[in-house]
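Below: my_file-v2.txt (compact mmCIF, C-alpha atoms)
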```txt
# COMPACT_ATOMS: atom_id res chain seq x y z
CA MET M 1 96.28 102.45 95.09
CA SER M 2 92.82 102.06 96.48
CA ASP M 3 89.17 102.89 96.18
CA GLU M 4 88.17 106.35 97.37
CA ASN M 5 85.89 106.34 100.42
CA SER M 6 85.39 102.62 100.93
CA PRO M 7 81.75 101.48 100.99
CA ALA M 8 80.28 101.62 104.45
CA THR M 9 76.57 101.13 103.75
CA ASP M 10 74.68 98.11 102.54
CA ASP M 11 72.20 99.81 100.24
CA ALA M 12 72.51 102.25 97.37
CA SER M 13 70.17 105.18 96.98
CA ALA M 14 66.82 103.95 95.68
CA ASP M 15 67.05 106.11 92.57
CA GLU M 16 70.70 105.33 91.76
CA VAL M 17 71.27 103.24 88.63
CA LEU M 18 74.33 101.11 89.27
CA ARG M 19 76.70 99.45 86.82
CA LEU M 20 77.09 95.70 87.26
CA THR M 21 80.40 93.86 87.10
CA PRO M 22 80.56 90.71 84.94
CA LEU M 23 80.47 88.72 88.21
CA ASP M 24 77.35 90.30 89.70
CA ALA M 25 75.25 87.12 89.45
CA GLU M 26 78.02 85.10 91.11
CA HIS M 27 78.06 87.42 94.12
CA ARG M 28 74.31 87.23 94.54
CA ALA M 29 74.33 83.44 94.24
CA LEU M 30 76.91 83.35 97.04
CA GLY M 31 74.66 85.47 99.24
CA ALA M 32 76.82 88.59 99.21
CA THR M 33 75.63 91.82 100.76
CA MET M 34 75.76 94.26 97.85
CA THR M 35 76.25 98.00 98.04
CA GLY M 36 76.48 100.94 95.69
CA PHE M 37 79.95 102.39 95.32
CA ALA M 38 81.25 104.93 92.79
CA GLY M 39 78.32 104.09 90.51
CA TRP M 40 78.83 100.32 90.74
CA SER M 41 77.08 97.51 92.56
CA VAL M 42 79.82 95.73 94.51
CA PRO M 43 80.00 92.97 97.16
CA LEU M 44 80.52 94.47 100.62
CA ARG M 45 80.79 91.12 102.41
CA TYR M 46 79.73 87.48 102.03
CA THR M 47 79.84 86.27 105.66
CA SER M 48 81.54 88.59 108.14
CA ASP M 49 84.24 91.24 107.73
CA LEU M 50 86.39 89.58 110.40
CA ALA M 51 86.14 86.09 108.93
CA GLU M 52 87.08 87.34 105.46
CA HIS M 53 89.92 89.47 106.87
CA GLN M 54 91.35 86.48 108.73
CA ALA M 55 91.01 84.22 105.71
CA VAL M 56 93.17 86.59 103.64
CA ARG M 57 95.78 86.74 106.39
CA THR M 58 95.93 82.98 106.93
CA ALA M 59 94.91 81.44 103.58
CA ALA M 60 93.45 83.47 100.70
CA GLY M 61 90.61 85.72 99.64
CA LEU M 62 89.04 86.11 96.19
CA PHE M 63 88.01 89.66 95.27
CA ASP M 64 86.07 91.16 92.36
CA LEU M 65 87.70 94.52 91.54
CA SER M 66 86.17 94.98 88.10
CA HIS M 67 84.92 98.44 89.08
CA MET M 68 88.47 99.83 89.09
CA GLY M 69 89.29 102.21 86.24
CA GLN M 70 91.35 100.61 83.47
CA ILE M 71 92.85 103.18 81.08
CA SER M 72 95.09 102.36 78.12
CA VAL M 73 97.81 104.74 76.96
CA THR M 74 99.43 103.68 73.71
CA GLY M 75 101.60 105.05 70.95
CA PRO M 76 105.22 105.83 70.05
CA GLU M 77 105.39 108.57 72.70
CA ALA M 78 103.20 106.96 75.32
CA ALA M 79 106.05 106.66 77.82
CA ARG M 80 106.96 110.32 77.44
CA ALA M 81 103.29 111.27 77.75
CA LEU M 82 103.08 109.48 81.09
CA ASP M 83 106.35 111.02 82.26
CA LEU M 84 104.82 114.44 81.66
CA ALA M 85 101.44 113.57 83.14
CA LEU M 86 102.44 111.66 86.28
CA VAL M 87 104.90 112.19 89.12
CA GLY M 88 106.84 108.99 88.42
CA ASN M 89 109.52 108.08 85.89
CA ILE M 90 107.37 105.86 83.69
CA SER M 91 109.72 105.74 80.67
CA GLY M 92 112.22 103.89 82.89
CA LEU M 93 109.72 101.09 83.47
CA ALA M 94 110.68 97.82 81.78
CA VAL M 95 108.12 95.84 79.79
CA GLY M 96 106.40 93.46 82.17
CA ARG M 97 106.85 95.70 85.21
CA ALA M 98 104.47 97.92 87.19
CA ARG M 99 104.86 101.11 89.23
CA TYR M 100 102.83 102.86 91.91
CA THR M 101 102.50 106.55 91.08
CA MET M 102 100.15 109.54 91.23
CA ILE M 103 98.59 112.20 89.06
CA CYS M 104 98.67 115.59 90.76
CA GLN M 105 97.28 119.09 90.38
CA PRO M 106 99.59 122.02 89.51
CA ASP M 107 99.76 122.83 93.24
CA GLY M 108 100.94 119.28 93.98
CA ALA M 109 97.74 117.94 95.51
CA VAL M 110 96.77 114.40 94.53
CA ILE M 111 94.07 113.85 91.91
CA ASP M 112 94.46 110.08 92.22
CA ASP M 113 96.98 107.39 93.06
CA LEU M 114 97.54 104.85 90.31
CA ILE M 115 99.32 101.70 89.25
CA VAL M 116 100.88 101.76 85.77
CA TYR M 117 101.74 98.51 83.99
CA ARG M 118 104.00 98.48 80.95
CA THR M 119 102.55 95.70 78.81
CA GLY M 120 104.58 96.50 75.65
CA GLU M 121 107.15 98.97 74.33
CA GLU M 122 104.37 101.38 73.38
CA ASP M 123 101.56 100.05 75.57
CA PHE M 124 100.62 100.95 79.13
CA LEU M 125 97.70 100.09 81.40
CA VAL M 126 96.85 102.75 83.98
CA VAL M 127 94.63 101.53 86.82
CA ALA M 128 92.75 104.27 88.65
CA ASN M 129 90.34 104.32 91.56
CA ALA M 130 86.74 103.73 90.52
CA SER M 131 85.52 107.13 91.67
CA ASN M 132 88.28 108.93 89.78
CA ALA M 133 88.45 106.92 86.55
CA THR M 134 86.62 109.45 84.36
CA VAL M 135 88.58 112.39 85.75
CA VAL M 136 91.92 110.62 85.32
CA THR M 137 91.12 109.58 81.74
CA ALA M 138 90.20 113.14 80.79
CA GLU M 139 93.23 114.61 82.54
CA LEU M 140 95.64 112.20 80.87
CA GLN M 141 94.20 113.07 77.47
CA ARG M 142 94.37 116.80 78.21
CA ARG M 143 98.00 116.61 79.28
CA CYS M 144 98.99 114.59 76.20
CA THR M 145 97.32 117.17 73.97
CA GLU M 146 98.77 120.11 75.91
CA HIS M 147 102.32 118.86 75.46
CA GLY M 148 101.83 117.77 71.85
CA VAL M 149 102.66 114.19 72.74
CA ASP M 150 101.39 111.26 70.69
CA GLY M 151 99.74 109.21 73.40
CA THR M 152 96.36 107.65 72.68
CA VAL M 153 94.28 107.51 75.85
CA GLY M 154 91.23 105.30 76.03
CA THR M 155 89.20 102.96 78.16
CA GLY M 156 88.88 100.20 75.59
CA PRO M 157 86.03 99.40 73.17
CA GLU M 158 82.44 99.94 74.25
CA ASP M 159 80.61 96.79 75.21
CA PRO M 160 77.70 96.02 72.86
CA ALA M 161 75.47 95.78 75.95
CA GLY M 162 75.91 99.51 76.51
CA PRO M 163 77.82 101.88 78.79
CA GLU M 164 76.63 100.10 81.93
CA ALA M 165 78.64 97.01 80.90
CA THR M 166 82.38 96.45 80.91
CA THR M 167 84.65 94.48 78.59
CA THR M 168 87.30 93.52 81.16
CA ALA M 169 86.98 92.01 84.62
CA LEU M 170 89.58 92.25 87.38
CA VAL M 171 89.84 89.40 89.89
CA ALA M 172 92.33 89.33 92.77
CA VAL M 173 93.60 86.39 94.81
CA GLN M 174 95.35 87.61 97.96
CA GLY M 175 96.92 85.72 100.84
CA PRO M 176 99.73 83.31 101.70
CA ALA M 177 98.05 80.51 99.72
CA ALA M 178 97.61 82.67 96.60
CA GLU M 179 100.63 81.38 94.70
CA GLY M 180 99.63 77.75 95.08
CA ILE M 181 96.03 78.42 94.06
CA VAL M 182 96.77 80.61 91.03
CA GLY M 183 99.83 78.60 89.96
CA GLY M 184 97.85 75.39 90.15
CA LEU M 185 95.35 76.60 87.55
CA VAL M 186 97.87 77.91 85.02
CA VAL M 187 98.55 75.67 82.04
CA GLU M 188 101.88 73.90 82.31
CA ASP M 189 103.61 75.89 79.53
CA ASP M 190 102.92 79.18 81.37
CA ARG M 191 103.43 78.05 84.96
CA SER M 192 107.15 78.71 85.36
CA ALA M 193 106.84 82.29 84.08
CA LEU M 194 103.97 83.01 86.45
CA LEU M 195 105.66 81.50 89.50
CA ALA M 196 108.82 83.48 88.70
CA LEU M 197 106.93 86.80 88.72
CA ARG M 198 108.44 89.34 91.06
CA TYR M 199 106.43 91.82 93.08
CA TYR M 200 105.07 94.56 90.79
CA ALA M 201 105.60 92.51 87.65
CA CYS M 202 103.09 91.16 85.13
CA THR M 203 102.81 88.52 82.43
CA ARG M 204 100.17 86.89 80.27
CA ALA M 205 99.10 83.39 81.20
CA ARG M 206 96.46 80.83 80.27
CA PHE M 207 94.28 79.22 82.92
CA ALA M 208 92.58 75.85 82.79
CA VAL M 209 88.84 76.26 83.39
CA ASP M 210 85.88 74.00 82.89
CA GLY M 211 85.61 73.49 79.17
CA GLY M 212 88.94 74.91 78.08
CA THR M 213 91.35 77.75 78.84
CA VAL M 214 91.14 81.50 79.31
CA GLU M 215 93.94 84.03 79.00
CA ALA M 216 94.60 86.80 81.50
CA LEU M 217 97.10 89.53 82.22
CA VAL M 218 98.44 88.46 85.61
CA ALA M 219 100.13 90.97 87.93
CA ARG M 220 101.83 90.25 91.23
CA THR M 221 100.24 93.25 92.86
CA GLY M 222 97.53 93.82 95.44
CA TYR M 223 96.18 96.01 98.20
CA THR M 224 96.05 93.81 101.28
CA GLY M 225 99.64 93.61 102.51
CA GLU M 226 99.77 89.95 101.45
CA ASP M 227 101.32 88.19 98.50
CA GLY M 228 98.86 87.77 95.68
CA PHE M 229 97.87 88.23 92.09
CA GLU M 230 95.50 90.47 90.15
CA LEU M 231 94.06 88.94 86.98
CA TYR M 232 92.72 91.06 84.13
CA VAL M 233 90.47 88.89 82.00
CA ALA M 234 87.88 89.39 79.26
CA ALA M 235 84.43 89.92 80.75
CA ALA M 236 83.11 86.92 78.84
CA ASP M 237 85.65 84.68 80.62
CA ALA M 238 85.26 86.14 84.10
CA VAL M 239 82.66 83.71 85.46
CA ALA M 240 84.58 80.63 84.35
CA LEU M 241 87.79 81.93 85.91
CA TRP M 242 86.05 83.01 89.15
CA GLN M 243 84.36 79.63 89.58
CA SER M 244 87.59 77.74 88.83
CA LEU M 245 89.55 79.81 91.36
CA LEU M 246 86.90 79.23 94.02
CA ALA M 247 86.88 75.48 93.43
CA ALA M 248 90.67 75.20 93.34
CA GLY M 249 91.15 77.41 96.38
CA ARG M 250 88.55 76.01 98.79
CA PRO M 251 90.77 73.13 100.01
CA ALA M 252 93.43 75.73 100.89
CA GLY M 253 90.95 77.92 102.77
CA LEU M 254 90.18 80.50 100.09
CA VAL M 255 86.91 82.42 100.53
CA PRO M 256 85.21 85.12 98.46
CA ALA M 257 85.92 88.47 100.13
CA GLY M 258 84.17 91.83 99.95
CA LEU M 259 85.40 95.39 99.88
CA ALA M 260 84.80 95.94 103.59
CA CYS M 261 87.58 93.55 104.57
CA ARG M 262 89.77 94.95 101.81
CA ASP M 263 89.63 98.26 103.65
CA SER M 264 90.53 96.72 107.02
CA LEU M 265 93.37 94.76 105.41
CA ARG M 266 94.90 97.85 103.81
CA LEU M 267 94.54 99.80 107.05
CA GLU M 268 96.29 97.07 109.02
CA ALA M 269 99.07 97.02 106.39
CA GLY M 270 99.47 100.82 106.49
CA MET M 271 98.51 101.37 102.84
CA PRO M 272 97.01 104.76 101.82
CA LEU M 273 93.38 105.17 100.87
CA TYR M 274 92.25 107.89 98.47
CA GLY M 275 89.72 110.09 100.19
CA HIS M 276 91.45 109.54 103.54
CA GLU M 277 95.27 109.78 103.50
CA LEU M 278 95.22 111.15 99.94
CA ASP M 279 92.97 113.81 98.40
CA ARG M 280 92.98 117.09 96.49
CA THR M 281 94.23 119.01 99.53
CA THR M 282 97.15 116.65 100.22
CA THR M 283 100.48 116.37 98.38
CA PRO M 284 102.44 113.10 98.16
CA HIS M 285 104.94 114.58 100.62
CA ASP M 286 102.17 115.44 103.08
CA ALA M 287 101.11 111.79 103.03
CA GLY M 288 104.66 110.51 103.55
CA LEU M 289 104.86 109.29 99.96
CA GLY M 290 107.36 111.76 98.56
CA ARG M 291 109.48 108.85 97.36
CA VAL M 292 107.14 108.33 94.40
CA VAL M 293 107.81 111.86 93.08
CA LYS M 294 110.74 111.94 90.65
CA LEU M 295 112.14 115.44 90.02
CA ASP M 296 115.04 114.36 87.83
CA LYS M 297 113.13 113.25 84.72
CA THR M 298 114.62 114.34 81.40
CA ASP M 299 113.73 114.04 77.72
CA ASP M 300 115.84 112.27 75.07
CA ASP M 301 118.05 115.35 74.80
CA GLY M 302 118.65 115.53 78.54
CA ALA M 303 116.41 118.53 79.10
CA PRO M 304 114.33 118.52 82.31
CA LEU M 305 110.70 117.49 81.92
```

What is this structure when it is put down as structure tokens?
Amino acid sequence: MSDENSPATDDASADEVLRLTPLDAEHRALGATMTGFAGWSVPLRYTSDLAEHQAVRTAAGLFDLSHMGQISVTGPEAARALDLALVGNISGLAVGRARYTMICQPDGAVIDDLIVYRTGEEDFLVVANASNATVVTAELQRRCTEHGVDGTVGTGPEDPAGPEATTTALVAVQGPAAEGIVGGLVVEDDRSALLALRYYACTRARFAVDGGTVEALVARTGYTGEDGFELYVAAADAVALWQSLLAAGRPAGLVPAGLACRDSLRLEAGMPLYGHELDRTTTPHDAGLGRVVKLDKTDDDGAPL
């Protein structure tokens, strides 16, 4: 899963009003080059693309991915709703696990590629590309309604600051030093569960930050080809967590990293990018990703879905 059409310019259109992530002030204080992307102001780079790329490969990089679409699907039939809406077998996903999947048009072309986390028996988090988040949310709701399935689709409560704000931040630590950096900040009671996380698994954990602790949903997922973690945290706690990760990671070589190097990292690792290898004219099979399409899904009575 990726961001469609990675940012390649340093400046947004002069008349474009951009949404700000909860970490916007942090990026500017670090001297980041900012750019407009999918309606958001995001850090393109802090120093150089090559330096940040190499840091992720040899140590670790810290990314702000709060612009990614975060869609909740909940309810007694949420798993069945996602089975009907997506190409993967989501009902077979255990609580605490994640799956890469896609939502496709009737002709098989890809609307978006997604990661789905099962955070409870009736609770799922669907992460979509920033440019497709609104379309995916609407399409999931339409498909639930069309099939008469009880799946509540939403993007979470509105922030009191207005629609330009967000209630959840997403921070990623990627690279060979990621486990030591993230594990070192987790409170002792939660450390063993976090360090035991398998690839494409998630858990909740508390992190020690200046002045107390913050809780995050931690997933061992990423888009760089390296080991790493993605941390979903309340927007109000994002700055404290970001600053604590930077401070803890600097001795290990961690640097803040922008979306430009994220694109070069995924390309080097052979990971698909929506808008390039995937789009509305390409099927999963066309892109060499037919393995994610499950044609043997059945309902509780054994009837094909």

Report as a tab-separated table the residues of region 53-80 of chain M within 9 Å of region 122-133 of chain M, each with its shortest atom pair and distance in Å (one decimal), using only C-alpha atoms, ordered by chain and increasing residue number.
```
residue	atom	partner	partner_atom	distance
M:His67	CA	M:Ala130	CA	5.8
M:Met68	CA	M:Ala130	CA	4.5
M:Gly69	CA	M:Ala128	CA	4.7
M:Gln70	CA	M:Val127	CA	4.8
M:Ile71	CA	M:Val126	CA	5.0
M:Ser72	CA	M:Leu125	CA	4.8
M:Val73	CA	M:Phe124	CA	5.2
M:Thr74	CA	M:Asp123	CA	4.6
M:Gly75	CA	M:Glu122	CA	5.2
M:Pro76	CA	M:Glu122	CA	5.6
M:Glu77	CA	M:Glu122	CA	7.3
M:Ala78	CA	M:Glu122	CA	6.0
M:Ala79	CA	M:Glu122	CA	7.1
```

Report task. Have a look at CA of Val173 (chain M) and CA of Pro284 (chain M) and let me know their distance in Å, one decimal. Result ->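 Between these atoms lies a distance of 28.3 Å.
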
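Considering only C-alpha atoms, the residue among M:Glu188, M:Asp113, M:Asp263, M:Asp227 positioned nearest to Leu44 (chain M) is M:Asp263.
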
**Report entry** Proximity to Ala59 (chain M) - best of M:Thr35, M:Gln105, M:Thr203, M:Gln174, only C-alpha atoms
**Finding:** M:Gln174

Query raised in the report: Between M:Val171, M:Leu84, M:Leu140, M:Leu278, which is the closest to Tyr232 (chain M) once you count all atoms listed in the file?
Result: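 Of the candidates, the smallest distance to Tyr232 (chain M) is held by M:Val171.
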
Which residues of region 162-218 of chain M sit at most 8 Å from region 51-58 of chain M, using all atoms listed in the file? Give each one's shortest atom pair and distance in Å (one decimal place), in chain and ascending residue order, as CSV.
```
residue,atom,partner,partner_atom,distance
M:Gln174,CA,M:Val56,CA,6.2
M:Gly175,CA,M:Val56,CA,4.8
M:Pro176,CA,M:Thr58,CA,6.5
M:Ala177,CA,M:Thr58,CA,7.9
```

**Report entry** Test item: residues at most 9 Å from Arg97 (chain M), all atoms listed in the file, excluding those fewer than 3 positions along its chain, as an NGL selection string
**Finding:** :M and (93-94 or 116-119 or 198-203 or 219)

Query - Gap from CA of Ser48 (chain M) to CA of Ser244 (chain M) - Å, one decimal - result: 23.0 Å

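The residues that lie within 8 Å of the point (96.9, 78.4, 83.4), counting all atoms listed in the file, are Val182, Gly183, Gly184, Leu185, Val186, Val187, Glu188, Asp190, Arg191, Ala205, Arg206, Phe207, Ala208, Thr213, Val214 and Glu215 of chain M.
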
Query - Residue nearest Leu114 (chain M) among M:Arg142, M:Arg99, M:Arg28, M:Arg19 (counting all atoms listed in the file) - result: M:Arg99

Report task. Can you work out the spacing between CA of Arg220 (chain M) and CA of Ala236 (chain M) in Å, to one decimal? Result ->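 Taking CA of Arg220 (chain M) as the start and CA of Ala236 (chain M) as the end point, the length is 22.7 Å.
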
Report summary line: If you count only C-alpha atoms, the residue of M:Ala109, M:Ala240, M:Leu86, M:Val233 closest to Asp286 (chain M) turns out to be M:Ala109
